[in-house]
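Peer 1: Below is one structure. I have some questions about it.
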Amino acid sequence: MTEKTGFAPAAAPHASTLVSTPEDAIIAGETSIPSQGENMPAYHARPKLAEGPLPIVVVVQEIFGVHEHIRDICRRLALEGYLAVAPELYFRQGDPNDYSDIPTLFSNLVSKVPDAQVLADLDHVASWAARNGGDPHRLMVTGFCWGGRISWLYAAHNPQLKAAVAWYGKLVGEKTLNSPKQPVDIATDLNAPVLGLYGGQDTGIPLDTVETMRHALRAANAKAEIVVYPDAGHAFNADYRQSYHAESANDGWQRMLEWFRQYGGKKA
């Protein structure tokens, strides 16, 4: 098992491009959030100097859980003026740090986490944030990989959500008892505008599935946009991995911040 401050073993090898955000201007740390009768571990970050309730961004983990990269995403968002919260959404089923390879992690843990449980947990995260300095009228979500798919689903689940940004989240796939719907199935149900950020070289999310999603969104007249970075693969924002593509990651980050600003993330 890795240190709490480290990275999931299944995410190795790590790259030298790792970004680490200083904490001088923010308050960050671990907390626990009551959810469905249990206490869910979570990481949160906010700016030190802030007046009034902060816009909220719920950060949904990669397949690897809330490891150092996801915590750093929260710190980066705090520097932008947000209250960012990343809940440990696998906590009932197990610890991703117990697995050293992705296929075993997926089959033994990730596939056993029901979407319905995750979406309900995210509702409790939103409630916690509203009680702890966040503005419930400026609620947003962003997620990466596994969390990118969840971000699409959450945009169809919570009518209070103002905006969502999904980074390379799977769009189509088989339906199971734990995952009865995929993003392509909920295009007609979106409550909030969604920005999808995808890599043209992503072998796990073929471009034809991105086109399928675009067609579904157009047919639903949904307020959504999908950007594909031709030279990027999967996990192009994961600066701690070999897949990191700095140009695409930086552009995606700026697009995300603008999406949040445009749809109610920050006061003018």
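Residue names in the structure tokens use chain letters A, B, ... in the order shown, residue numbers from 1 in each chain, and ligand numbers from 1 in the order shown.
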So that I can see what lies close to Tyr229 in chain A, please list as a count of residues only the residues with an atom at most 8 Å from it, counting only C-alpha atoms and leaving out residues fewer than 5 positions away in the same chain.

Peer 2: 5

Peer 1: Set the distance at 12 Å and use only C-alpha atoms: which residues neighbour Pro47 in chain A once local chain neighbours fewer than 6 positions away are removed? I'd like the list as a PyMOL selection string.

Peer 2: chain A and resi 22-28+53-56+74-84+133-134

Peer 1: Tell me which of A:Ser16, A:Gln201, A:Thr188, A:Asn132 sits closest to Ala219 in chain A, counting only C-alpha atoms.

Peer 2: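 That would be A:Thr188, the residue with the smallest distance to Ala219 in chain A.
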
Peer 1: To one decimal in Å, tell me the separation between CA of Pro9 in chain A and CA of Asp101 in chain A.

Peer 2: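 Rounded to one decimal, the two atoms are 7.3 Å apart.
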
Peer 1: I need the helix (DSSP H, G or I) residues of range 34-72 of chain A per DSSP on the backbone, written as a PyMOL selection string.

Peer 2: chain A and resi 68-72

Peer 1: Go ahead and save the residues from that selection, with C-alpha atoms, as a PDB file, in the first residue's frame.

Peer 2:
ATOM      1  CA  GLU A  68      -1.943  12.761  -5.150  1.00  0.00           C
ATOM      2  CA  HIS A  69      -2.878  13.915  -8.652  1.00  0.00           C
ATOM      3  CA  ILE A  70      -6.554  14.293  -7.771  1.00  0.00           C
ATOM      4  CA  ARG A  71      -5.636  16.117  -4.572  1.00  0.00           C
ATOM      5  CA  ASP A  72      -3.476  18.469  -6.614  1.00  0.00           C
TER       6      ASP A  72
END

Peer 1: If you measure from CA of Asn39 in chain A to CA of Trp146 in chain A, what distance in Å do you get, rounded to one decimal?

Peer 2: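 It comes out at 22.0 Å.
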
Peer 1: Please determine, counting only C-alpha atoms, which residue among A:Val60, A:Leu109, A:Ala246, A:Ile226 has the shortest atom-to-atom distance to Leu18 in chain A.

Peer 2: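 Using only C-alpha atoms, the shortest distance to Leu18 in chain A belongs to A:Ala246.
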
Peer 1: For each of A:Val118, A:Ala220, A:Ala156, A:Cys145, take the minimum atom-to-atom distance to Asp202 in chain A, counting only C-alpha atoms, then give the residue where this is smallest.

Peer 2: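 Residue with the minimum atom-to-atom distance to Asp202 in chain A: A:Cys145.
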
Peer 1: Separation of CA of Gln182 in chain A and CA of Ala164 in chain A, in Å?

Peer 2: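 About the pair CA of Gln182 in chain A and CA of Ala164 in chain A: they are 15.9 Å apart.
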
Peer 1: Please identify all polymer residues within 12 Å of Asn97 in chain A, counting only C-alpha atoms, omitting same-chain residues fewer than 4 positions from it, and present them as a ChimeraX atom specification.

Peer 2: /A:1-12,63-68,88,90-91,101-102,104-105,109

Peer 1: Which parts of range 196-264 of chain A does DSSP call strand (DSSP E) when run on the backbone here, written out as a PyMOL selection string?

Peer 2: chain A and resi 196-199+224-229

Peer 1: As a list of chain:residue names, please: the residues near Ser179 in chain A (cut-off 10 Å, only C-alpha atoms, same-chain neighbours under 3 positions excluded).

Peer 2: A:Ser111, A:Lys112, A:Val113, A:Pro114, A:Asp115, A:Ala116, A:Gly173, A:Glu174, A:Lys175, A:Thr176, A:Gln182

Peer 1: For the residues in the current selection, export N, CA and C atoms as an mmCIF file, in the first residue's frame.

Peer 2:
data_model
loop_
_atom_site.group_PDB
_atom_site.id
_atom_site.type_symbol
_atom_site.label_atom_id
_atom_site.label_comp_id
_atom_site.auth_asym_id
_atom_site.auth_seq_id
_atom_site.Cartn_x
_atom_site.Cartn_y
_atom_site.Cartn_z
ATOM 1 N N SER A 111 -15.318 -2.391 -10.890
ATOM 2 C CA SER A 111 -16.550 -2.911 -11.499
ATOM 3 C C SER A 111 -17.622 -3.238 -10.450
ATOM 4 N N LYS A 112 -17.218 -3.270 -9.176
ATOM 5 C CA LYS A 112 -18.169 -3.610 -8.108
ATOM 6 C C LYS A 112 -18.809 -2.388 -7.459
ATOM 7 N N VAL A 113 -18.462 -1.196 -7.965
ATOM 8 C CA VAL A 113 -18.991 0.049 -7.388
ATOM 9 C C VAL A 113 -20.214 0.480 -8.205
ATOM 10 N N PRO A 114 -21.424 0.428 -7.625
ATOM 11 C CA PRO A 114 -22.631 0.757 -8.394
ATOM 12 C C PRO A 114 -22.741 2.256 -8.706
ATOM 13 N N ASP A 115 -23.135 2.567 -9.943
ATOM 14 C CA ASP A 115 -23.346 3.971 -10.316
ATOM 15 C C ASP A 115 -24.336 4.651 -9.369
ATOM 16 N N ALA A 116 -25.402 3.951 -9.000
ATOM 17 C CA ALA A 116 -26.436 4.564 -8.143
ATOM 18 C C ALA A 116 -25.849 4.988 -6.801
ATOM 19 N N GLY A 173 -20.673 1.601 -23.857
ATOM 20 C CA GLY A 173 -20.137 0.377 -23.253
ATOM 21 C C GLY A 173 -21.262 -0.560 -22.882
ATOM 22 N N GLU A 174 -20.871 -1.733 -22.402
ATOM 23 C CA GLU A 174 -21.887 -2.709 -22.023
ATOM 24 C C GLU A 174 -22.627 -2.227 -20.776
ATOM 25 N N LYS A 175 -23.867 -2.649 -20.682
ATOM 26 C CA LYS A 175 -24.680 -2.294 -19.514
ATOM 27 C C LYS A 175 -24.657 -3.455 -18.529
ATOM 28 N N THR A 176 -24.462 -3.124 -17.273
ATOM 29 C CA THR A 176 -24.422 -4.145 -16.222
ATOM 30 C C THR A 176 -25.371 -3.721 -15.103
ATOM 31 N N GLN A 182 -24.995 4.221 -19.857
ATOM 32 C CA GLN A 182 -23.752 4.889 -20.244
ATOM 33 C C GLN A 182 -24.093 6.330 -20.642
#

Peer 1: For Arg214 in chain A, please output as an MDAnalysis selection string all residues within 10 Å (counting only C-alpha atoms; exclusion window: fewer than 3 positions along the same chain).

Peer 2: chainID A and resid 184 187 208:211 217:220 222 224:226

Peer 1: For Ser243 in chain A, work out the shell of residues within 10 Å, counting only C-alpha atoms and skipping chain neighbours fewer than 3 positions away, then give it as a PyMOL selection string.

Peer 2: chain A and resi 14-15+202+232-240+246

Peer 1: Can you work out which one of A:Pro230, A:Gly143, A:Gly29, A:Gly252 has the shortest atom-to-atom distance to Gln61 in chain A, counting only C-alpha atoms?

Peer 2: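 When distances to Gln61 in chain A are compared using only C-alpha atoms, the smallest one comes from A:Gly143.
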